[in-house]
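Written out below as structure tokens is the structure these notes cover.
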Amino acid sequence: MMGRACLRALVLTGVVLHPASARAQSATDLATTTRGPATQLTPQPGSAGLPTPIDPASCSKSDGDWAERALIRSQVPQLGLPPMPHPDDNPPTAAKIELGRKLFFDRRLSINKTMSCAMCHVPEQAFTTWKLQSAVGVEGRSVKRNSPTLLNVGFLNPLFHDGRDETLETQFIAPLVARNEMANPSAGWVVSFLNRDSTYHARFQGAFGAPASLDRMGQALAAYQRSLLAGNAPFDRWHYGGEADALSPAQKRGFELFTGKADCAGCHPIGDDHALFTDQAFHDTGYGFLREEMRQNPPETTRVQLAPGVFVDVDFDRVASVSSKREADLGRYEITEDPADRWKFRTPGLRNVAMTGPYMHDGGFNTLREVLDFYNEGGPGHPEQSPLVYPLGLSDAELGDLEAFLESLTSPNLNCLAAEARSQPPDNH
Ligand code: HEC
Ligand code: HEC
């Protein structure tokens, strides 16, 4: 069914796409099998695919002054990570970080006081949302993209899947006022609320010696997010720390593939003294093209989970009749309107990637193995696709090694970051 659809030329935003090649059919089929229903709210198939929950209670150092500890963490580099670049006009302090954390968890910063930043960037779920392909905001309104993890976000520039903002000091305004996220009538409306609240008034005075303002709100949120660092993974101990046994033989073979035959490091680079696993650039991997093709030619039925392990195949038209149509996503093009940027997305960092699914800009892949199968197929091969994505010819065993390598990028600090995040109940009253 998708095969025939693939052989039709598609007309999209005035551009005629060429019929996809034979290998596109199998890559498309691959994506088809992993696609959630149009509601985008479907849980993943069973809980087996989800990582073990991050348990804040398992952090052994959760007592003491967490804000002070977060300050030190944002100043002292961890194994495998570069020093955090703090802007000259926003040096971190414990008071700013503490205020930023409070803002991050405060549901009153949304129009109907239900939605905080932390509800899409959940600490126990590695500061992303495990069960949602794409985010859901106030009143259940869908966002077309997947919530990225905020772990190590302080190193990223530009921000967002399409790079439409450059600093954490300004990024937060977008979710505050987006109709399908926190839906505030204006950013000024939020600042007025903060200035009317006596606790916030005192906190802003303590951190800045001045009342709340949009700039100071951004500075506090940025200082908090720059403290969310998670390095020192088994890979770091092996590669940068010289601990020969920190990785398993499969993980070491996976590293050889990642930097060699599979050529992943071309876009997810590993440096001499640190690795962010992103070139911070935009690429057309072919994934966005596949998703658009599928959006225009939806499968006849779509799989819906009724209860854990219980699925039904529902007629797509029926699903479409009760849900909003999935929006097109042209990636970087939506920012630059340069046709050369169509379907380009920013390369995500891969640290902690085993804990940050579902994957890709719209969360269309539930597991790392699905992502790896996509790369192994080589994408749809449409003319604009990056030459760095091509059929890799990896065996099943090699794919297993690559997956094992990606699992070696998980930091041991995630439980303590979650414990810190929950160290004080949010005061949403
Ligand atoms: C409704 C869910 C939702 C809420 C609420 C939300 N976010 Fe996000 N966040 C997202 C999604 C989805 C993206 C990716 C959007 C895109 O790329 O277009 C994102 C992206 C980001 C990024 C960029 C990360 C990167 O890798 O580039 C940061 C930083 C961020 N959010 C912080 C915040 C802060 C701070 C708040 C609260 C003021 C917040 N978010 C509220 C869903 C949400
Ligand atoms: C041409 C550059 C390029 C190459 C080569 C490349 N990637 Fe990617 N990778 C990207 C981009 C861009 C995305 C985001 C795509 C999107 O969201 O649509 C991505 C996404 C991913 C993701 C999903 C991460 C997340 O948080 O959603 C994983 C995992 C990944 N790549 C691993 C790999 C592996 C393993 C290889 C080698 C087999 C590889 N990549 C090769 C650019 C590349």
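In the structure tokens, the first chain shown is A, the next is B, and so on; residue numbers restart at 1 for each chain, and ligands run from 1 in the order shown.
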7 Å shell around ligand 1 using only C-alpha atoms and all ligand atoms, listed as a PyMOL selection string: chain A and resi 104+115-121+134-138+143+145-150+153+156+158-163+168+171-173+175-176+180-182+221+348
Keeping only N, CA and C atoms, take the residues you just selected and write them out as an mmCIF file, in the first residue's frame.
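After the write, out.cif holds the following:
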data_model
loop_
_atom_site.group_PDB
_atom_site.id
_atom_site.type_symbol
_atom_site.label_atom_id
_atom_site.label_comp_id
_atom_site.auth_asym_id
_atom_site.auth_seq_id
_atom_site.Cartn_x
_atom_site.Cartn_y
_atom_site.Cartn_z
ATOM 1 N N PHE A 104 10.637 27.023 36.758
ATOM 2 C CA PHE A 104 10.536 25.862 35.874
ATOM 3 C C PHE A 104 9.412 24.914 36.304
ATOM 4 N N MET A 115 0.015 24.112 33.684
ATOM 5 C CA MET A 115 1.126 23.584 32.879
ATOM 6 C C MET A 115 2.438 24.274 33.232
ATOM 7 N N SER A 116 3.417 23.498 33.673
ATOM 8 C CA SER A 116 4.748 24.077 33.909
ATOM 9 C C SER A 116 5.702 23.566 32.843
ATOM 10 N N CYS A 117 6.899 24.165 32.805
ATOM 11 C CA CYS A 117 7.940 23.673 31.887
ATOM 12 C C CYS A 117 8.209 22.190 32.169
ATOM 13 N N ALA A 118 8.204 21.841 33.475
ATOM 14 C CA ALA A 118 8.604 20.489 33.876
ATOM 15 C C ALA A 118 7.609 19.423 33.439
ATOM 16 N N MET A 119 6.413 19.836 32.992
ATOM 17 C CA MET A 119 5.443 18.818 32.584
ATOM 18 C C MET A 119 5.749 18.266 31.197
ATOM 19 N N CYS A 120 6.507 18.982 30.403
ATOM 20 C CA CYS A 120 6.984 18.428 29.122
ATOM 21 C C CYS A 120 8.448 18.002 29.233
ATOM 22 N N HIS A 121 9.147 18.551 30.216
ATOM 23 C CA HIS A 121 10.560 18.203 30.431
ATOM 24 C C HIS A 121 10.632 17.616 31.843
ATOM 25 N N SER A 134 4.859 13.496 20.295
ATOM 26 C CA SER A 134 5.031 14.943 20.258
ATOM 27 C C SER A 134 4.302 15.522 21.464
ATOM 28 N N ALA A 135 4.726 16.743 21.830
ATOM 29 C CA ALA A 135 4.304 17.310 23.111
ATOM 30 C C ALA A 135 2.819 17.658 23.116
ATOM 31 N N VAL A 136 2.260 17.730 24.318
ATOM 32 C CA VAL A 136 0.869 18.142 24.504
ATOM 33 C C VAL A 136 0.841 19.261 25.540
ATOM 34 N N GLY A 137 0.226 20.384 25.183
ATOM 35 C CA GLY A 137 0.209 21.530 26.082
ATOM 36 C C GLY A 137 -1.141 21.750 26.728
ATOM 37 N N VAL A 138 -1.382 22.991 27.113
ATOM 38 C CA VAL A 138 -2.609 23.386 27.804
ATOM 39 C C VAL A 138 -3.847 22.860 27.076
ATOM 40 N N VAL A 143 1.361 19.704 20.051
ATOM 41 C CA VAL A 143 2.503 20.413 19.475
ATOM 42 C C VAL A 143 3.047 19.471 18.413
ATOM 43 N N ARG A 145 5.999 18.812 17.508
ATOM 44 C CA ARG A 145 7.342 18.240 17.706
ATOM 45 C C ARG A 145 7.503 17.542 19.048
ATOM 46 N N ASN A 146 8.551 16.754 19.110
ATOM 47 C CA ASN A 146 8.909 15.994 20.297
ATOM 48 C C ASN A 146 9.665 16.897 21.277
ATOM 49 N N SER A 147 9.377 16.756 22.577
ATOM 50 C CA SER A 147 10.110 17.544 23.579
ATOM 51 C C SER A 147 11.541 17.025 23.674
ATOM 52 N N PRO A 148 12.525 17.872 23.432
ATOM 53 C CA PRO A 148 13.901 17.393 23.577
ATOM 54 C C PRO A 148 14.298 17.332 25.051
ATOM 55 N N THR A 149 15.305 16.539 25.382
ATOM 56 C CA THR A 149 15.827 16.531 26.745
ATOM 57 C C THR A 149 16.481 17.877 27.035
ATOM 58 N N LEU A 150 16.450 18.303 28.298
ATOM 59 C CA LEU A 150 17.179 19.528 28.661
ATOM 60 C C LEU A 150 18.517 19.204 29.324
ATOM 61 N N VAL A 153 21.662 20.950 27.864
ATOM 62 C CA VAL A 153 21.138 21.897 26.871
ATOM 63 C C VAL A 153 21.969 23.184 26.837
ATOM 64 N N LEU A 156 24.114 23.855 23.832
ATOM 65 C CA LEU A 156 23.538 23.874 22.479
ATOM 66 C C LEU A 156 23.295 25.296 21.980
ATOM 67 N N PRO A 158 22.412 26.625 17.828
ATOM 68 C CA PRO A 158 21.116 27.183 18.204
ATOM 69 C C PRO A 158 20.222 26.176 18.920
ATOM 70 N N LEU A 159 19.091 26.703 19.418
ATOM 71 C CA LEU A 159 18.119 25.884 20.138
ATOM 72 C C LEU A 159 16.930 25.545 19.243
ATOM 73 N N PHE A 160 16.178 24.532 19.657
ATOM 74 C CA PHE A 160 15.001 23.991 18.968
ATOM 75 C C PHE A 160 15.443 23.111 17.791
ATOM 76 N N HIS A 161 14.543 22.228 17.371
ATOM 77 C CA HIS A 161 14.849 21.317 16.259
ATOM 78 C C HIS A 161 15.171 22.094 14.992
ATOM 79 N N ASP A 162 14.618 23.319 14.879
ATOM 80 C CA ASP A 162 14.879 24.113 13.674
ATOM 81 C C ASP A 162 15.816 25.285 13.947
ATOM 82 N N GLY A 163 16.374 25.351 15.148
ATOM 83 C CA GLY A 163 17.372 26.379 15.461
ATOM 84 C C GLY A 163 16.826 27.793 15.494
ATOM 85 N N LEU A 168 19.351 30.486 25.891
ATOM 86 C CA LEU A 168 18.363 30.094 26.907
ATOM 87 C C LEU A 168 17.736 31.324 27.555
ATOM 88 N N GLN A 171 14.877 31.850 24.921
ATOM 89 C CA GLN A 171 14.101 30.699 24.418
ATOM 90 C C GLN A 171 12.768 30.503 25.128
ATOM 91 N N PHE A 172 12.745 30.754 26.440
ATOM 92 C CA PHE A 172 11.562 30.399 27.260
ATOM 93 C C PHE A 172 10.306 31.159 26.858
ATOM 94 N N ILE A 173 10.455 32.290 26.175
ATOM 95 C CA ILE A 173 9.287 33.096 25.810
ATOM 96 C C ILE A 173 8.367 32.302 24.872
ATOM 97 N N PRO A 175 7.602 28.910 24.623
ATOM 98 C CA PRO A 175 6.593 28.060 25.270
ATOM 99 C C PRO A 175 5.619 28.844 26.155
ATOM 100 N N LEU A 176 6.070 29.941 26.762
ATOM 101 C CA LEU A 176 5.163 30.702 27.639
ATOM 102 C C LEU A 176 3.939 31.204 26.885
ATOM 103 N N ASN A 180 -0.464 26.328 22.071
ATOM 104 C CA ASN A 180 -0.548 24.898 22.377
ATOM 105 C C ASN A 180 0.483 24.474 23.430
ATOM 106 N N GLU A 181 1.105 25.431 24.101
ATOM 107 C CA GLU A 181 1.984 25.052 25.209
ATOM 108 C C GLU A 181 1.443 25.685 26.491
ATOM 109 N N MET A 182 1.979 26.829 26.935
ATOM 110 C CA MET A 182 1.490 27.393 28.198
ATOM 111 C C MET A 182 0.428 28.484 27.987
ATOM 112 N N LEU A 221 15.983 31.212 34.541
ATOM 113 C CA LEU A 221 15.691 29.923 33.905
ATOM 114 C C LEU A 221 16.930 29.378 33.200
ATOM 115 N N PRO A 348 20.732 16.372 16.885
ATOM 116 C CA PRO A 348 20.645 16.318 18.355
ATOM 117 C C PRO A 348 21.913 15.716 18.951
#
At most 8 Å from ligand 2 (only C-alpha atoms and all ligand atoms): residue list as an MDAnalysis selection string: chainID A and resid 148:149 161 258 262:268 278 281:288 343:350 353 356:363 368 371:372 375:376 386:389 392 402:403 406
Pull C-alpha atoms from the residues just selected and write them as a PDB file, in the first residue's frame.
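selection_0.pdb, written as the output of this step:
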ATOM      1  CA  PRO A 148      13.901  17.393  23.577  1.00  0.00           C
ATOM      2  CA  THR A 149      15.827  16.531  26.745  1.00  0.00           C
ATOM      3  CA  HIS A 161      14.849  21.317  16.259  1.00  0.00           C
ATOM      4  CA  PHE A 258      30.112   4.777  15.086  1.00  0.00           C
ATOM      5  CA  ALA A 262      28.664   3.585  10.016  1.00  0.00           C
ATOM      6  CA  ASP A 263      30.062   7.118   9.826  1.00  0.00           C
ATOM      7  CA  CYS A 264      27.772   8.527  12.507  1.00  0.00           C
ATOM      8  CA  ALA A 265      30.488  10.768  13.940  1.00  0.00           C
ATOM      9  CA  GLY A 266      30.420  12.815  10.722  1.00  0.00           C
ATOM     10  CA  CYS A 267      27.358  14.596  12.169  1.00  0.00           C
ATOM     11  CA  HIS A 268      27.507  13.426  15.809  1.00  0.00           C
ATOM     12  CA  THR A 278      26.347  17.042  17.680  1.00  0.00           C
ATOM     13  CA  ALA A 281      24.362  22.016  12.209  1.00  0.00           C
ATOM     14  CA  PHE A 282      21.295  21.243  10.093  1.00  0.00           C
ATOM     15  CA  HIS A 283      20.984  18.167   7.907  1.00  0.00           C
ATOM     16  CA  ASP A 284      18.405  16.473   5.745  1.00  0.00           C
ATOM     17  CA  THR A 285      18.698  12.865   6.865  1.00  0.00           C
ATOM     18  CA  GLY A 286      15.702  11.870   4.725  1.00  0.00           C
ATOM     19  CA  TYR A 287      13.562  11.286   7.803  1.00  0.00           C
ATOM     20  CA  GLY A 288      11.514  14.500   7.408  1.00  0.00           C
ATOM     21  CA  TRP A 343      13.608  19.017   5.853  1.00  0.00           C
ATOM     22  CA  LYS A 344      16.827  19.992   7.562  1.00  0.00           C
ATOM     23  CA  PHE A 345      16.832  19.560  11.328  1.00  0.00           C
ATOM     24  CA  ARG A 346      19.491  20.340  13.909  1.00  0.00           C
ATOM     25  CA  THR A 347      21.616  17.336  14.805  1.00  0.00           C
ATOM     26  CA  PRO A 348      20.645  16.318  18.355  1.00  0.00           C
ATOM     27  CA  GLY A 349      23.330  15.445  20.896  1.00  0.00           C
ATOM     28  CA  LEU A 350      23.309  11.737  21.743  1.00  0.00           C
ATOM     29  CA  VAL A 353      20.019   8.954  24.330  1.00  0.00           C
ATOM     30  CA  THR A 356      15.324  10.163  25.850  1.00  0.00           C
ATOM     31  CA  GLY A 357      12.991   8.338  23.453  1.00  0.00           C
ATOM     32  CA  PRO A 358      10.850   8.569  21.435  1.00  0.00           C
ATOM     33  CA  TYR A 359      13.273   9.843  18.807  1.00  0.00           C
ATOM     34  CA  MET A 360      13.565  12.356  15.971  1.00  0.00           C
ATOM     35  CA  HIS A 361      11.920  15.792  15.695  1.00  0.00           C
ATOM     36  CA  ASP A 362       8.399  14.346  15.842  1.00  0.00           C
ATOM     37  CA  GLY A 363       9.124  11.303  17.996  1.00  0.00           C
ATOM     38  CA  LEU A 368      16.999   3.159  19.211  1.00  0.00           C
ATOM     39  CA  VAL A 371      16.564   4.740  14.412  1.00  0.00           C
ATOM     40  CA  LEU A 372      19.487   2.452  13.588  1.00  0.00           C
ATOM     41  CA  TYR A 375      20.200   4.732   9.002  1.00  0.00           C
ATOM     42  CA  ASN A 376      21.091   1.219   7.884  1.00  0.00           C
ATOM     43  CA  SER A 386      22.639  14.444   2.884  1.00  0.00           C
ATOM     44  CA  PRO A 387      25.362  12.406   1.163  1.00  0.00           C
ATOM     45  CA  LEU A 388      26.375  11.241   4.639  1.00  0.00           C
ATOM     46  CA  VAL A 389      23.214   9.120   4.876  1.00  0.00           C
ATOM     47  CA  LEU A 392      25.317   1.013   5.469  1.00  0.00           C
ATOM     48  CA  LEU A 402      25.981   0.233  17.800  1.00  0.00           C
ATOM     49  CA  GLU A 403      22.973   0.145  20.096  1.00  0.00           C
ATOM     50  CA  LEU A 406      24.665   4.349  22.429  1.00  0.00           C
TER      51      LEU A 406
END
Filtered DSSP result for range 228-428 of chain A, state strand (DSSP E or B), as a list of chain:residue names: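 Selecting the strand (DSSP E or B) positions of range 228-428 of chain A gives A:Phe282, A:His283, A:Thr301, A:Thr302, A:Arg303, A:Val304, A:Gln305, A:Leu306, A:Ala307, A:Val310, A:Phe311, A:Val312, A:Asp313, A:Val314, A:Asp315, A:Gly331, A:Lys344, A:Phe345, A:Arg346, A:Tyr359, A:Phe365.
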Selection: 10 Å around Glu334 in chain A, only C-alpha atoms, excl. self and same-chain fewer than 4 positions, as a ChimeraX atom specification: /A:162,164,329-330,338-339,341-344
Let's have the selection written as a PDB file, in the first residue's frame, with N, CA and C atoms.
ATOM      1  N   ASP A 162      14.618  23.319  14.879  1.00  0.00           N
ATOM      2  CA  ASP A 162      14.879  24.113  13.674  1.00  0.00           C
ATOM      3  C   ASP A 162      15.816  25.285  13.947  1.00  0.00           C
ATOM      4  N   ARG A 164      15.542  27.970  15.885  1.00  0.00           N
ATOM      5  CA  ARG A 164      14.979  29.311  15.744  1.00  0.00           C
ATOM      6  C   ARG A 164      15.290  30.243  16.906  1.00  0.00           C
ATOM      7  N   ASP A 329       5.954  19.475   8.495  1.00  0.00           N
ATOM      8  CA  ASP A 329       7.102  20.047   9.201  1.00  0.00           C
ATOM      9  C   ASP A 329       8.275  20.124   8.236  1.00  0.00           C
ATOM     10  N   LEU A 330       8.610  21.347   7.852  1.00  0.00           N
ATOM     11  CA  LEU A 330       9.685  21.522   6.876  1.00  0.00           C
ATOM     12  C   LEU A 330      11.011  21.870   7.536  1.00  0.00           C
ATOM     13  N   ASP A 338      14.497  29.281   2.893  1.00  0.00           N
ATOM     14  CA  ASP A 338      15.447  28.950   1.835  1.00  0.00           C
ATOM     15  C   ASP A 338      15.160  27.504   1.409  1.00  0.00           C
ATOM     16  N   PRO A 339      14.793  27.300   0.129  1.00  0.00           N
ATOM     17  CA  PRO A 339      14.458  25.930  -0.298  1.00  0.00           C
ATOM     18  C   PRO A 339      15.553  24.913   0.026  1.00  0.00           C
ATOM     19  N   ASP A 341      16.963  24.545   2.676  1.00  0.00           N
ATOM     20  CA  ASP A 341      16.842  24.129   4.081  1.00  0.00           C
ATOM     21  C   ASP A 341      15.648  23.216   4.336  1.00  0.00           C
ATOM     22  N   ARG A 342      14.931  22.865   3.282  1.00  0.00           N
ATOM     23  CA  ARG A 342      13.744  22.023   3.450  1.00  0.00           C
ATOM     24  C   ARG A 342      14.131  20.674   4.081  1.00  0.00           C
ATOM     25  N   TRP A 343      13.406  20.281   5.128  1.00  0.00           N
ATOM     26  CA  TRP A 343      13.608  19.017   5.853  1.00  0.00           C
ATOM     27  C   TRP A 343      14.955  18.906   6.560  1.00  0.00           C
ATOM     28  N   LYS A 344      15.605  20.059   6.745  1.00  0.00           N
ATOM     29  CA  LYS A 344      16.827  19.992   7.562  1.00  0.00           C
ATOM     30  C   LYS A 344      16.454  20.219   9.025  1.00  0.00           C
TER      31      LYS A 344
END
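Within the 12 Å cut-off around Pro83 in chain A, using only C-alpha atoms and omitting residues fewer than 5 positions from it on the same chain, the listed residues are A:Ile72, A:Arg73, A:Ser74, A:Gln75, A:Val76, A:Pro77, A:Gln78, A:Asn152, A:Gly154, A:Phe155, A:Arg226, A:Ser227, A:Leu229, A:Gly231, A:Asp273, A:His274, A:Ala275, A:Leu276.
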Expected file: the selected residues, C-alpha atoms, as a JSON list (two decimals), in the first residue's frame:
[["chain", "number", "residue", "atom", "x", "y", "z"],
["A", 72, "ILE", "CA", 29.42, 24.11, 41.47],
["A", 73, "ARG", "CA", 28.25, 21.60, 38.87],
["A", 74, "SER", "CA", 27.66, 24.35, 36.35],
["A", 75, "GLN", "CA", 31.20, 25.65, 36.92],
["A", 76, "VAL", "CA", 33.32, 22.48, 37.14],
["A", 77, "PRO", "CA", 33.50, 20.42, 33.92],
["A", 78, "GLN", "CA", 32.53, 16.74, 34.10],
["A", 152, "ASN", "CA", 23.33, 19.36, 28.70],
["A", 154, "GLY", "CA", 23.47, 24.72, 28.00],
["A", 155, "PHE", "CA", 25.99, 23.62, 25.35],
["A", 226, "ARG", "CA", 22.85, 25.31, 32.55],
["A", 227, "SER", "CA", 23.19, 23.33, 35.79],
["A", 229, "LEU", "CA", 24.72, 18.56, 33.33],
["A", 231, "GLY", "CA", 28.46, 13.57, 31.65],
["A", 273, "ASP", "CA", 38.85, 16.13, 25.09],
["A", 274, "HIS", "CA", 35.05, 16.16, 25.10],
["A", 275, "ALA", "CA", 32.06, 15.05, 23.04],
["A", 276, "LEU", "CA", 28.62, 16.57, 22.61]]
7 Å contact set for range 421-428 of chain A, only C-alpha atoms, chain neighbours under 3 positions out, as a ChimeraX atom specification: /A:102,105-108,123,417-418
Atoms kept (N, CA and C atoms) for selection, written as a short mmCIF file (atom, residue, chain, number, x, y, z; two decimals), in the first residue's frame:
data_model
loop_
_atom_site.label_atom_id
_atom_site.label_comp_id
_atom_site.auth_asym_id
_atom_site.auth_seq_id
_atom_site.Cartn_x
_atom_site.Cartn_y
_atom_site.Cartn_z
N LYS A 102 12.45 27.22 40.57
CA LYS A 102 11.08 27.50 41.03
C LYS A 102 10.18 27.87 39.84
N PHE A 105 9.17 24.82 37.61
CA PHE A 105 8.17 23.87 38.12
C PHE A 105 6.83 24.51 38.42
N ASP A 106 6.67 25.79 38.16
CA ASP A 106 5.47 26.50 38.60
C ASP A 106 4.37 26.45 37.54
N ARG A 107 3.32 25.69 37.86
CA ARG A 107 2.21 25.56 36.90
C ARG A 107 1.42 26.85 36.75
N ARG A 108 1.58 27.77 37.70
CA ARG A 108 0.84 29.04 37.59
C ARG A 108 1.36 29.90 36.44
N PRO A 123 11.76 15.61 35.01
CA PRO A 123 13.06 15.18 35.55
C PRO A 123 13.23 13.66 35.61
N LEU A 417 20.01 14.37 39.65
CA LEU A 417 19.41 15.57 39.05
C LEU A 417 17.90 15.57 39.30
N ALA A 418 17.28 14.39 39.21
CA ALA A 418 15.84 14.30 39.49
C ALA A 418 15.58 14.57 40.97
#
Nearest residue to Gln385 in chain A from the set A:Val304, A:Leu79, A:Met355, A:Leu290 (distances using only C-alpha atoms):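 So, comparing all the options, the nearest one is A:Leu290.
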Selected residue, from A:Lys261, A:Leu247, A:Arg332, A:Glu420, that lies nearest to Phe405 in chain A when counting only C-alpha atoms: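 Among the listed residues, A:Leu247 lies closest to Phe405 in chain A.
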